[in-house]
$ cat my_file22.csv   # CSV, C-alpha atoms and all ligand atoms
chain,number,residue,atom,x,y,z
A,33,MET,CA,0.0,0.0,0.0
A,34,LYS,CA,1.3,3.4,-1.0
A,35,THR,CA,2.0,5.7,2.0
A,36,SER,CA,1.6,9.5,2.1
A,37,LYS,CA,4.0,12.2,3.1
A,38,CYS,CA,3.4,14.9,5.5
A,39,TYR,CA,3.0,18.1,3.5
A,40,ILE,CA,4.8,20.1,6.2
A,41,CYS,CA,7.9,18.1,7.1
A,42,ASP,CA,7.8,15.5,4.2
A,43,SER,CA,8.0,12.6,6.6
A,44,GLU,CA,6.5,9.4,5.4
A,45,ILE,CA,3.2,8.9,7.3
A,46,ILE,CA,3.4,5.5,8.8
A,47,LYS,CA,0.8,4.1,11.3
A,48,GLU,CA,2.8,5.2,14.3
A,49,ILE,CA,2.7,8.9,13.4
A,50,GLU,CA,-0.6,9.2,11.6
A,51,THR,CA,-3.3,11.5,12.9
A,52,ASP,CA,-6.7,12.8,12.0
A,53,GLU,CA,-6.4,16.2,10.5
A,54,HIS,CA,-9.5,18.3,9.8
A,55,ILE,CA,-9.6,19.6,6.2
A,56,ILE,CA,-11.4,22.6,7.4
A,57,LEU,CA,-11.0,23.6,11.1
A,58,ASN,CA,-13.5,21.7,13.3
A,59,ALA,CA,-13.9,25.0,15.3
A,60,CYS,CA,-15.3,26.4,12.0
A,61,GLY,CA,-17.6,23.4,11.5
A,62,GLY,CA,-15.3,21.2,9.4
A,63,ARG,CA,-16.1,17.5,9.8
A,64,LEU,CA,-14.1,16.0,7.0
A,65,LYS,CA,-10.8,14.4,8.2
A,66,SER,CA,-7.9,12.7,6.7
A,67,LYS,CA,-4.9,10.7,8.0
A,68,LYS,CA,-2.9,11.3,4.9
A,69,ILE,CA,-2.2,15.0,5.2
A,70,MET,CA,0.3,15.6,8.0
A,71,CYS,CA,2.1,13.7,10.7
A,72,ALA,CA,1.1,13.8,14.4
A,73,LYS,CA,4.0,16.1,15.3
A,74,CYS,CA,3.2,18.7,12.7
A,75,ASN,CA,-0.5,18.4,13.5
A,76,THR,CA,0.2,19.1,17.2
A,77,GLU,CA,2.4,22.1,16.4
A,78,TYR,CA,0.1,23.6,13.8
A,79,GLY,CA,-2.9,22.9,15.9
A,80,SER,CA,-1.6,24.8,18.9
A,81,GLU,CA,-0.3,27.7,16.8
A,82,MET,CA,-1.9,28.4,13.5
A,83,ASP,CA,-5.1,26.5,13.9
A,84,ALA,CA,-5.7,28.0,17.3
A,85,GLU,CA,-5.1,31.5,16.1
A,86,LEU,CA,-7.4,31.1,13.1
A,87,ALA,CA,-10.1,29.6,15.2
A,88,SER,CA,-9.8,32.5,17.6
A,89,GLN,CA,-10.1,35.0,14.8
A,90,LEU,CA,-13.2,33.2,13.3
A,91,ASN,CA,-14.8,32.6,16.7
A,92,PHE,CA,-17.3,35.4,16.3
A,93,TYR,CA,-18.6,33.9,13.0
A,94,SER,CA,-18.7,30.4,14.5
A,95,ASN,CA,-20.7,31.6,17.4
A,96,ALA,CA,-23.0,33.8,15.3
A,97,LEU,CA,-23.7,30.8,13.0
A,98,ASN,CA,-24.0,28.3,15.9
A,99,VAL,CA,-21.4,26.0,14.4
A,100,LYS,CA,-21.4,22.5,15.7
A,101,ARG,CA,-18.0,21.1,16.9
A,102,HIS,CA,-16.8,17.6,17.6
A,103,ARG,CA,-15.4,18.7,20.9
A,104,GLY,CA,-15.6,21.7,23.2
A,105,LYS,CA,-17.6,24.8,22.8
A,106,ALA,CA,-16.7,28.2,21.4
A,107,GLN,CA,-15.9,30.8,24.0
A,108,ALA,CA,-18.5,33.5,24.5
A,109,ILE,CA,-17.6,36.8,22.9
A,110,LYS,CA,-17.9,39.9,25.0
A,111,GLY,CA,-19.3,43.0,23.4
A,112,GLU,CA,-20.7,46.4,24.1
A,113,LEU,CA,-23.5,48.3,22.4
A,114,SER,CA,-22.0,51.6,21.5
A,115,ALA,CA,-25.4,53.4,21.7
A,116,THR,CA,-26.3,52.3,25.2
A,117,GLY,CA,-23.1,51.0,26.7
A,118,GLU,CA,-24.8,47.7,27.5
A,119,LYS,CA,-22.4,44.9,27.8
A,120,TYR,CA,-23.4,41.5,26.3
A,121,HIS,CA,-22.0,38.1,25.5
A,122,LEU,CA,-22.5,36.3,22.2
A,123,GLN,CA,-22.7,32.7,23.4
A,124,SER,CA,-21.5,29.6,21.6
A,125,ASP,CA,-25.1,28.8,20.6
A,126,GLY,CA,-25.3,32.2,18.8
A,127,LYS,CA,-27.6,33.9,21.3
A,128,PRO,CA,-26.7,37.3,22.6
A,129,VAL,CA,-27.1,37.6,26.4
A,130,ILE,CA,-26.9,40.9,28.4
A,131,SER,CA,-24.0,40.5,30.8
A,132,LYS,CA,-25.4,42.5,33.6
A,133,PRO,CA,-29.2,43.1,33.2
A,134,VAL,CA,-30.2,46.6,34.2
A,135,VAL,CA,-33.4,47.1,36.2
A,136,LYS,CA,-35.0,50.5,35.6
A,137,GLU,CA,-37.7,51.9,37.9
A,138,GLU,CA,-40.2,54.3,36.4
A,139,VAL,CA,-42.9,56.1,38.4
A,140,GLU,CA,-46.1,56.7,36.5
A,141,GLY,CA,-48.6,58.5,38.7
A,142,GLU,CA,-48.9,56.2,41.7
A,143,LYS,CA,-47.6,53.2,39.9
A,144,LEU,CA,-44.1,51.9,39.9
A,145,LYS,CA,-43.0,50.1,36.8
A,201,ZN,ZN,5.2,16.5,9.6

$ encode --input "my_file22.csv" --output "structure tokens"
Amino acid sequence: MKTSKCYICDSEIIKEIETDEHIILNACGGRLKSKKIMCAKCNTEYGSEMDAELASQLNFYSNALNVKRHRGKAQAIKGELSATGEKYHLQSDGKPVISKPVVKEEVEGEKLK
């Protein structure tokens, strides 16, 4: 059987160093994987550096689109409405939640709203 070579370090990918590599980042919803792209060492290095950075930069879109992942959840994104100053979180399920709900009291005649 013909073996593949790691496209980063050119090592022959034998059983001992093969690893599942997502074609598109799982953090961005990628599900398709291959064991014939890169070796385990390069996958670990690139996963903790380039993939992590790319996932971090695309986190807003992953949250907004409620992207499903194989493992873990996206971190909530903190934001602030410039018009009101209200702080909110965009959760991993895509729902915006006010960080600190504000309670306002209004007096209308004898009624308190
Ligand atoms: Zn490699």

$ closest_residue --input "my_file22.csv" --among "A:Ser114, A:Ser36, A:Ser94, A:Asn58" --to "ligand ZN 201 (chain A)" --atoms "all atoms listed in the file"
A:Ser36

$ residues_around --input "my_file22.csv" --residues "Gly111 in chain A" --least-positions-apart "4" --cutoff "7 Å" --atoms "all atoms listed in the file" --output "list in words"
Lys119, Tyr120 and His121 of chain A

$ residues_near_ligand --input "my_file22.csv" --ligand "ligand ZN 201 (chain A)" --cutoff "7 Å" --atoms "all atoms listed in the file" --output "PyMOL selection string"
chain A and resi 38-43+70-74

$ atom_distance --input "my_file22.csv" --atom1 "CA of Glu50 in chain A" --atom2 "CA of Lys68 in chain A"
7.4 Å

$ atom_distance --input "my_file22.csv" --atom1 "CA of Gln89 in chain A" --atom2 "CA of Ser124 in chain A"
14.3 Å

$ closest_residue --input "my_file22.csv" --among "A:Cys60, A:His54, A:Glu118, A:Lys145" --to "Pro133 in chain A" --atoms "all atoms listed in the file"
A:Glu118

$ atom_distance --input "my_file22.csv" --atom1 "CA of Lys67 in chain A" --atom2 "CA of Leu86 in chain A"
21.2 Å

$ residues_near_point --input "my_file22.csv" --point "(-5.0, 14.2, 9.9)" --cutoff "6 Å" --atoms "only C-alpha atoms" --output "MDAnalysis selection string"
chainID A and resid 51:53 66:67 69:70

$ closest_residue --input "my_file22.csv" --among "A:Gly79, A:Ser88, A:Val135, A:Ala59" --to "Gly104 in chain A" --atoms "only C-alpha atoms"
A:Ala59

$ closest_residue --input "my_file22.csv" --among "A:Gln107, A:Ala96, A:His102, A:Lys34" --to "Lys65 in chain A" --atoms "only C-alpha atoms"
A:His102

$ closest_residue --input "my_file22.csv" --among "A:Met82, A:Glu44, A:Ile49, A:Pro128" --to "Glu112 in chain A" --atoms "all atoms listed in the file"
A:Pro128

$ closest_residue --input "my_file22.csv" --among "A:Asn91, A:Leu57, A:Lys132, A:Lys37" --to "Ala108 in chain A" --atoms "only C-alpha atoms"
A:Asn91

$ axis_aligned_box --input "my_file22.csv" --around "range 119-123 of chain A" --padding-each-side "6 Å" --output "lines of an AutoDock Vina configuration file"
center_x = -22.7
center_y = 38.8
center_z = 25.0
size_x = 13.4
size_y = 24.2
size_z = 17.6
